[in-house]
Structure formats: C-alpha cells, structure tokens
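Participant: Coordinates in run.pdb, PDB, C-alpha atoms, are listed below.
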ATOM      1  CA  MET A   1      43.701  25.073  83.186
ATOM      2  CA  THR A   2      42.462  23.934  86.601
ATOM      3  CA  VAL A   3      38.889  22.684  86.656
ATOM      4  CA  SER A   4      36.357  23.157  89.416
ATOM      5  CA  PRO A   5      34.649  20.057  90.911
ATOM      6  CA  ALA A   6      31.352  21.190  89.380
ATOM      7  CA  ALA A   7      32.767  20.415  85.944
ATOM      8  CA  MET A   8      33.444  16.782  86.745
ATOM      9  CA  ALA A   9      29.993  15.632  85.638
ATOM     10  CA  ASP A  10      30.816  17.020  82.202
ATOM     11  CA  LEU A  11      33.323  14.285  81.474
ATOM     12  CA  SER A  12      32.709  11.336  79.192
ATOM     13  CA  LEU A  13      34.980   8.699  77.693
ATOM     14  CA  THR A  14      34.370   6.860  74.440
ATOM     15  CA  VAL A  15      35.634   3.270  74.445
ATOM     16  CA  ASP A  16      35.367   0.294  72.118
ATOM     17  CA  VAL A  17      32.238  -1.804  72.609
ATOM     18  CA  HIS A  18      34.312  -4.895  73.462
ATOM     19  CA  TRP A  19      36.318  -3.075  76.125
ATOM     20  CA  THR A  20      39.594  -4.498  74.812
ATOM     21  CA  SER A  21      41.456  -1.367  73.657
ATOM     22  CA  PRO A  22      44.677  -0.931  75.662
ATOM     23  CA  TYR A  23      44.485   2.776  74.896
ATOM     24  CA  ALA A  24      40.934   3.163  76.210
ATOM     25  CA  PHE A  25      42.092   1.103  79.196
ATOM     26  CA  SER A  26      44.774   3.691  79.979
ATOM     27  CA  ALA A  27      42.371   6.641  79.832
ATOM     28  CA  PHE A  28      39.721   4.780  81.835
ATOM     29  CA  VAL A  29      42.223   3.887  84.561
ATOM     30  CA  GLY A  30      43.446   7.481  84.611
ATOM     31  CA  LEU A  31      39.941   8.817  85.156
ATOM     32  CA  ARG A  32      39.253   6.280  87.896
ATOM     33  CA  GLU A  33      42.544   6.969  89.647
ATOM     34  CA  LYS A  34      41.771  10.699  89.607
ATOM     35  CA  GLY A  35      38.446   9.938  91.286
ATOM     36  CA  LEU A  36      36.516  11.735  88.553
ATOM     37  CA  ALA A  37      32.866  11.133  87.699
ATOM     38  CA  PHE A  38      32.431  10.368  84.010
ATOM     39  CA  ASP A  39      30.040   8.793  81.570
ATOM     40  CA  VAL A  40      31.061   6.089  79.117
ATOM     41  CA  GLU A  41      30.078   5.911  75.476
ATOM     42  CA  GLU A  42      30.764   2.850  73.334
ATOM     43  CA  VAL A  43      31.557   2.625  69.633
ATOM     44  CA  ALA A  44      31.679  -0.561  67.586
ATOM     45  CA  LEU A  45      35.012  -0.518  65.777
ATOM     46  CA  GLN A  46      34.043  -3.599  63.784
ATOM     47  CA  ARG A  47      31.168  -1.559  62.291
ATOM     48  CA  LYS A  48      33.447   1.419  61.574
ATOM     49  CA  GLU A  49      31.444   3.678  63.892
ATOM     50  CA  HIS A  50      34.664   5.548  64.715
ATOM     51  CA  GLN A  51      34.939   6.545  61.044
ATOM     52  CA  ARG A  52      31.533   8.179  60.835
ATOM     53  CA  PRO A  53      31.584  11.924  60.106
ATOM     54  CA  GLU A  54      30.041  12.865  63.437
ATOM     55  CA  TYR A  55      32.757  10.972  65.329
ATOM     56  CA  LEU A  56      35.582  12.284  63.173
ATOM     57  CA  ALA A  57      34.319  15.826  63.696
ATOM     58  CA  THR A  58      35.247  15.666  67.368
ATOM     59  CA  SER A  59      37.993  13.043  67.621
ATOM     60  CA  LEU A  60      40.005  14.424  64.671
ATOM     61  CA  THR A  61      42.050  11.208  64.424
ATOM     62  CA  GLY A  62      39.074   8.828  64.366
ATOM     63  CA  ARG A  63      40.572   6.846  67.210
ATOM     64  CA  VAL A  64      39.432   5.350  70.503
ATOM     65  CA  PRO A  65      39.489   6.525  73.234
ATOM     66  CA  ARG A  66      37.969   9.961  72.975
ATOM     67  CA  LEU A  67      37.557  12.204  75.998
ATOM     68  CA  ARG A  68      34.882  14.875  76.200
ATOM     69  CA  HIS A  69      35.296  17.523  78.856
ATOM     70  CA  GLN A  70      32.461  20.021  78.584
ATOM     71  CA  ASP A  71      32.758  21.245  74.975
ATOM     72  CA  PHE A  72      36.365  20.084  74.498
ATOM     73  CA  TYR A  73      37.161  16.770  72.794
ATOM     74  CA  LEU A  74      40.470  14.952  72.792
ATOM     75  CA  SER A  75      41.675  11.616  71.433
ATOM     76  CA  GLU A  76      44.942   9.655  71.769
ATOM     77  CA  SER A  77      45.329   8.015  75.170
ATOM     78  CA  SER A  78      48.661   9.541  76.183
ATOM     79  CA  ALA A  79      47.319  13.022  75.389
ATOM     80  CA  ILE A  80      44.219  12.254  77.448
ATOM     81  CA  ASP A  81      46.276  11.080  80.415
ATOM     82  CA  GLU A  82      48.397  14.228  80.324
ATOM     83  CA  TYR A  83      45.329  16.452  79.947
ATOM     84  CA  LEU A  84      43.730  14.845  82.997
ATOM     85  CA  GLU A  85      46.902  15.471  84.992
ATOM     86  CA  GLU A  86      46.895  19.155  84.085
ATOM     87  CA  ALA A  87      43.151  19.792  84.205
ATOM     88  CA  PHE A  88      42.745  17.966  87.517
ATOM     89  CA  PRO A  89      46.149  18.500  89.109
ATOM     90  CA  PRO A  90      47.661  17.061  92.270
ATOM     91  CA  PRO A  91      47.549  17.350  95.204
ATOM     92  CA  LYS A  92      43.799  17.891  95.042
ATOM     93  CA  TYR A  93      43.483  14.979  92.643
ATOM     94  CA  ALA A  94      45.577  11.827  92.614
ATOM     95  CA  ARG A  95      48.786  12.039  90.632
ATOM     96  CA  LEU A  96      49.022  10.143  87.306
ATOM     97  CA  PHE A  97      52.645  10.986  86.493
ATOM     98  CA  PRO A  98      55.692  11.004  88.791
ATOM     99  CA  ALA A  99      56.593  14.282  90.474
ATOM    100  CA  ASP A 100      60.291  13.840  89.693
ATOM    101  CA  VAL A 101      61.199  15.108  86.230
ATOM    102  CA  ARG A 102      63.430  12.139  85.370
ATOM    103  CA  GLU A 103      60.938   9.577  86.601
ATOM    104  CA  ARG A 104      58.235  11.398  84.653
ATOM    105  CA  ALA A 105      60.377  11.228  81.533
ATOM    106  CA  ARG A 106      60.982   7.507  82.085
ATOM    107  CA  ALA A 107      57.263   6.903  82.552
ATOM    108  CA  ARG A 108      56.539   8.679  79.268
ATOM    109  CA  GLN A 109      59.281   6.691  77.560
ATOM    110  CA  LEU A 110      57.774   3.370  78.639
ATOM    111  CA  MET A 111      54.260   4.485  77.707
ATOM    112  CA  ALA A 112      55.422   5.525  74.240
ATOM    113  CA  TRP A 113      57.330   2.276  73.812
ATOM    114  CA  VAL A 114      54.430  -0.067  74.561
ATOM    115  CA  ARG A 115      52.273   1.961  72.160
ATOM    116  CA  SER A 116      54.709   1.974  69.265
ATOM    117  CA  ASP A 117      56.854  -1.178  69.464
ATOM    118  CA  LEU A 118      56.567  -4.890  70.316
ATOM    119  CA  MET A 119      54.153  -5.419  67.430
ATOM    120  CA  PRO A 120      54.632  -9.224  67.288
ATOM    121  CA  ILE A 121      53.380  -9.488  70.874
ATOM    122  CA  ARG A 122      50.433  -7.227  70.152
ATOM    123  CA  GLU A 123      49.556  -9.319  67.093
ATOM    124  CA  GLU A 124      49.975 -12.777  68.624
ATOM    125  CA  ARG A 125      48.777 -11.912  72.129
ATOM    126  CA  SER A 126      46.061  -9.395  71.394
ATOM    127  CA  THR A 127      43.962  -8.034  74.233
ATOM    128  CA  TYR A 128      41.264 -10.468  73.120
ATOM    129  CA  THR A 129      43.364 -13.071  74.955
ATOM    130  CA  LEU A 130      43.175 -10.948  78.116
ATOM    131  CA  PHE A 131      39.497 -10.106  78.185
ATOM    132  CA  TYR A 132      37.834 -12.899  76.201
ATOM    133  CA  GLU A 133      39.816 -16.120  75.712
ATOM    134  CA  ARG A 134      43.360 -17.114  76.564
ATOM    135  CA  THR A 135      45.577 -18.890  74.064
ATOM    136  CA  SER A 136      48.235 -21.579  74.277
ATOM    137  CA  LYS A 137      49.404 -21.108  70.697
ATOM    138  CA  PRO A 138      53.229 -20.879  70.640
ATOM    139  CA  LEU A 139      54.774 -17.530  69.869
ATOM    140  CA  SER A 140      56.565 -17.074  66.564
ATOM    141  CA  PRO A 141      60.334 -16.451  66.651
ATOM    142  CA  LYS A 142      59.698 -12.738  66.145
ATOM    143  CA  ALA A 143      57.239 -12.635  69.029
ATOM    144  CA  GLU A 144      59.621 -14.619  71.231
ATOM    145  CA  ALA A 145      62.318 -12.057  70.493
ATOM    146  CA  ALA A 146      59.921  -9.214  71.342
ATOM    147  CA  ALA A 147      58.927 -11.005  74.543
ATOM    148  CA  ALA A 148      62.570 -11.339  75.523
ATOM    149  CA  ARG A 149      63.065  -7.594  74.975
ATOM    150  CA  LEU A 150      59.984  -6.764  77.024
ATOM    151  CA  LEU A 151      60.991  -9.000  79.921
ATOM    152  CA  SER A 152      64.566  -7.731  79.831
ATOM    153  CA  THR A 153      63.301  -4.166  80.057
ATOM    154  CA  ALA A 154      60.960  -5.113  82.896
ATOM    155  CA  ASP A 155      63.867  -6.669  84.749
ATOM    156  CA  ALA A 156      65.871  -3.469  84.304
ATOM    157  CA  VAL A 157      63.199  -1.039  85.503
ATOM    158  CA  LEU A 158      61.576  -3.034  88.325
ATOM    159  CA  ALA A 159      63.378  -2.879  91.646
ATOM    160  CA  PRO A 160      63.275  -6.080  93.761
ATOM    161  CA  GLY A 161      60.402  -6.096  96.216
ATOM    162  CA  ARG A 162      58.624  -3.124  94.634
ATOM    163  CA  THR A 163      55.341  -3.469  92.750
ATOM    164  CA  THR A 164      55.437  -0.057  91.057
ATOM    165  CA  LEU A 165      57.919   1.340  88.558
ATOM    166  CA  PHE A 166      58.797   4.178  90.915
ATOM    167  CA  GLY A 167      58.206   4.973  94.570
ATOM    168  CA  ALA A 168      54.525   5.741  93.981
ATOM    169  CA  TRP A 169      51.991   4.466  91.461
ATOM    170  CA  CYS A 170      51.704   6.195  88.084
ATOM    171  CA  ILE A 171      49.729   5.589  84.888
ATOM    172  CA  ALA A 172      52.786   3.999  83.249
ATOM    173  CA  ASP A 173      52.426   1.156  85.758
ATOM    174  CA  ALA A 174      49.026   0.243  84.338
ATOM    175  CA  ASP A 175      50.148   0.544  80.715
ATOM    176  CA  PHE A 176      53.327  -1.467  81.268
ATOM    177  CA  ALA A 177      51.495  -4.138  83.256
ATOM    178  CA  LEU A 178      48.922  -4.617  80.501
ATOM    179  CA  MET A 179      51.680  -5.262  77.984
ATOM    180  CA  LEU A 180      53.284  -7.781  80.351
ATOM    181  CA  GLN A 181      49.955  -9.484  81.001
ATOM    182  CA  ARG A 182      49.628 -10.261  77.306
ATOM    183  CA  LEU A 183      52.419 -12.764  77.991
ATOM    184  CA  LEU A 184      51.785 -13.765  81.604
ATOM    185  CA  TRP A 185      48.022 -14.232  81.245
ATOM    186  CA  ASN A 186      48.740 -16.748  78.475
ATOM    187  CA  GLY A 187      51.277 -18.781  80.425
ATOM    188  CA  HIS A 188      54.569 -17.220  79.345
ATOM    189  CA  PRO A 189      57.300 -17.655  81.985
ATOM    190  CA  ALA A 190      58.675 -14.563  83.690
ATOM    191  CA  PRO A 191      60.735 -13.669  86.755
ATOM    192  CA  ALA A 192      58.909 -13.565  90.082
ATOM    193  CA  LYS A 193      59.314  -9.798  90.464
ATOM    194  CA  VAL A 194      57.741  -9.222  87.037
ATOM    195  CA  LYS A 195      54.769 -11.402  87.934
ATOM    196  CA  ALA A 196      54.405  -9.648  91.294
ATOM    197  CA  PHE A 197      54.387  -6.260  89.572
ATOM    198  CA  ALA A 198      51.805  -7.282  86.981
ATOM    199  CA  ASP A 199      49.578  -8.971  89.570
ATOM    200  CA  ALA A 200      49.685  -5.910  91.834
ATOM    201  CA  GLN A 201      48.627  -3.659  88.975
ATOM    202  CA  TRP A 202      45.888  -6.061  87.911
ATOM    203  CA  ALA A 203      44.485  -5.965  91.463
ATOM    204  CA  ARG A 204      44.089  -2.171  91.611
ATOM    205  CA  PRO A 205      40.414  -1.111  91.874
ATOM    206  CA  SER A 206      40.730   1.091  88.778
ATOM    207  CA  VAL A 207      41.998  -1.844  86.711
ATOM    208  CA  GLN A 208      39.502  -4.265  88.208
ATOM    209  CA  ALA A 209      36.708  -1.883  87.201
ATOM    210  CA  TRP A 210      37.848  -2.250  83.580
ATOM    211  CA  ILE A 211      38.234  -6.018  83.811
ATOM    212  CA  ALA A 212      34.766  -6.415  85.359
ATOM    213  CA  GLN A 213      32.924  -4.709  82.501
ATOM    214  CA  LYS A 214      30.187  -6.791  80.894
ATOM    215  CA  ARG A 215      31.345  -7.534  77.373
ATOM    216  CA  PRO A 216      29.169  -8.526  74.413
ATOM    217  CA  THR A 217      29.834 -11.545  72.219
ATOM    218  CA  TYR A 218      32.994 -10.774  70.337
ATOM    219  CA  GLU A 219      32.685  -9.650  66.715
ATOM    220  CA  PRO A 220      36.002  -9.716  64.818
ATOM    221  CA  TYR A 221      37.153  -6.469  63.205
TER     222      TYR A 221
END
Could you write out this file's structure as structure tokens?
Facilitator:
Amino acid sequence: MTVSPAAMADLSLTVDVHWTSPYAFSAFVGLREKGLAFDVEEVALQRKEHQRPEYLATSLTGRVPRLRHQDFYLSESSAIDEYLEEAFPPPKYARLFPADVRERARARQLMAWVRSDLMPIREERSTYTLFYERTSKPLSPKAEAAAARLLSTADAVLAPGRTTLFGAWCIADADFALMLQRLLWNGHPAPAKVKAFADAQWARPSVQAWIAQKRPTYEPY
C-alpha cells in the first residue's frame, strides 16, 4: 500500500518513557529518516503499562515500540521498519533498506542478529549506559567473548574509509551502530574504522533527535 502525504499526520509511535529501548530507537530513526510527521506516546515499562488490556488490544505482543498508522497498529521494530519502507516507498521517501537484494538481505541479517544474539553485551552494557550513565565495570568472560564476535563481524562488514555498511545509508547502520556503541561509549577498544562508523551514525540528525530527548529520572524495571 502506498500512502498519500495527507495520511502522514495519522502516524504515532509508542516508546518507553526512558527513551532507552533499542527497538523504539530503530523505529524512531526510521520515521525521522523517512521525513514523516508523527506523534510520540510514552509508556512506563517499569509500571507494566505495556501489559494493560488496552495496550495489548492493539500491540498484540505487548511490546515497545508500537506504530499507529490511521487505524492500523503494528509492533516489533523490524516489522515497523519494513512497513514504513513499503507504505512510504522510495524514491518519494528516503530509503530505509538497500535497493540491492543481497545488500538488503545482509542488512536484515545484521538487524536480526543484534536483536537476538550478543545477550551478555546487552546485559552488561544495557542502553542505560548509553543514555543515562556510563560504566567502567569490566566485562565478564562471556561478554568479552560476545564483544570479540561483534567487533570481528564489524571488521568483516565495514569497508575501510566508509562510514555506512553499504554504499548508501540504511536502517541497519543505525541498529548496528547502537550495538557497537554499547561497547565504545563505555571505553571498550575497537579498530579506528569501527569507531568512525559508529561516530558517523551517532552524528546523524535522526539519531541525535533520539539522543537529545529529555529523559525522566530513571526507575529500574
């Protein structure tokens, strides 16, 4: 389905009240990169607001983020990103996924990987350390092993002198950079090209708009 510009005001995105969810981050960046007007709604995960019947009725999975487009609701960040690409397609709207089928497959592979693996990094370098307070606590052996796998993969997919995964920016760049920043932001060593990639992604206006959000005092989940 292709959507007319008049429908753009009918978009809203539900995010966590602390603005730390890497999944809400992905959907938010996707909306900003598309140049779409959207409202933001916040839910307090620590108060289980995402488990209330009225939220479950539309999100189905009870997860954040949740996109509302007119009377259609969708959760799961990768599904949201792909919906935005199809509902607001290029070239009229900025592209979120590579045009080349193999690059698009690789982008989806990396996005799925950072969502489903590397759990020791996600546990010991949570996004709290990105958006609230950094940590100098040493990584456990398991997290060090996960970090080595992440950096090895980054070295394999990042071409020297390029600050995007492919020839043009895609949403996988933002997702992959956030995972890398869990390490880099907390002082973990990394090759220069990995740092350059992560810094370039962190400087994008869409990402800076997420970083600049005013966050309340943190309440643990």
Participant: Might you pull out every residue within 12 Å of Pro90 in chain A, with all atoms listed in the file counted and same-chain residues fewer than 3 positions away left off, and present them as an MDAnalysis selection string?
Facilitator: chainID A and resid 2:3 33:35 84:87 93:99
Participant: With the cut-off set at 12 Å and counting all atoms listed in the file, tabulate each residue of range 195-215 of chain A with an atom at most that distance from an atom of range 124-148 of chain A, showing the nearest atom pair and its distance in Å to one decimal, ordered by chain and increasing number, as a Markdown table.
Facilitator:
| residue | atom | partner | partner_atom | distance |
| --- | --- | --- | --- | --- |
| A:Trp202 | CA | A:Leu130 | CA | 11.3 |
| A:Gln208 | CA | A:Phe131 | CA | 11.6 |
| A:Trp210 | CA | A:Phe131 | CA | 9.7 |
| A:Ile211 | CA | A:Phe131 | CA | 7.1 |
| A:Ala212 | CA | A:Phe131 | CA | 9.4 |
| A:Gln213 | CA | A:Phe131 | CA | 9.5 |
| A:Lys214 | CA | A:Phe131 | CA | 10.2 |
| A:Arg215 | CA | A:Tyr132 | CA | 8.5 |
Participant: Could you expand the PyMOL selection byres ((chain A and resi 218) around 10) into the explicit residues it covers here, written as number ranges by chain?
Facilitator: A: 17-18, 46, 128, 132, 215-217, 219-221
Participant: Please, could you write that set of residues out with C-alpha atoms as an mmCIF file, in the coordinates of the input?
Facilitator:
data_model
loop_
_atom_site.group_PDB
_atom_site.id
_atom_site.type_symbol
_atom_site.label_atom_id
_atom_site.label_comp_id
_atom_site.auth_asym_id
_atom_site.auth_seq_id
_atom_site.Cartn_x
_atom_site.Cartn_y
_atom_site.Cartn_z
ATOM 1 C CA VAL A 17 32.238 -1.804 72.609
ATOM 2 C CA HIS A 18 34.312 -4.895 73.462
ATOM 3 C CA GLN A 46 34.043 -3.599 63.784
ATOM 4 C CA TYR A 128 41.264 -10.468 73.120
ATOM 5 C CA TYR A 132 37.834 -12.899 76.201
ATOM 6 C CA ARG A 215 31.345 -7.534 77.373
ATOM 7 C CA PRO A 216 29.169 -8.526 74.413
ATOM 8 C CA THR A 217 29.834 -11.545 72.219
ATOM 9 C CA GLU A 219 32.685 -9.650 66.715
ATOM 10 C CA PRO A 220 36.002 -9.716 64.818
ATOM 11 C CA TYR A 221 37.153 -6.469 63.205
#
Participant: Under the rule that all atoms listed in the file are counted, which of A:Gln109, A:Ser116, A:Thr14, A:Gln51 is the nearest residue to Thr153 in chain A?
Facilitator: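 Comparing A:Gln109, A:Ser116, A:Thr14, A:Gln51 against Thr153 in chain A, the winner is A:Gln109.
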Participant: Work out how far apart CA of Ala57 in chain A and CA of Gly30 in chain A are and give it in Å to one decimal.
Facilitator: 24.3 Å
Participant: Could you check the closest approach to Ala192 in chain A for each of A:Ala112, A:Ala154, A:Met179, A:Leu56 and tell me which residue wins, using only C-alpha atoms?
Facilitator: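 With only C-alpha atoms as the atom set, the closest residue is A:Ala154.
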Participant: Can you tell me which residues surround Tyr23 in chain A at a distance of at most 8 Å, considering all atoms listed in the file, apart from same-chain residues fewer than 5 positions away, and format the answer as a PDB file with C-alpha atoms, in the frame of the given file?
Facilitator:
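Dumped everything to part-v1.pdb:
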ATOM      1  CA  VAL A  64      39.432   5.350  70.503  1.00  0.00           C
ATOM      2  CA  PRO A  65      39.489   6.525  73.234  1.00  0.00           C
ATOM      3  CA  GLU A  76      44.942   9.655  71.769  1.00  0.00           C
ATOM      4  CA  SER A  77      45.329   8.015  75.170  1.00  0.00           C
TER       5      SER A  77
END
Participant: One decimal, in Å: what's the spacing between CA of His188 in chain A and CA of Ala156 in chain A?
Facilitator: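 Taking CA of His188 in chain A and CA of Ala156 in chain A, their separation equals 18.5 Å.
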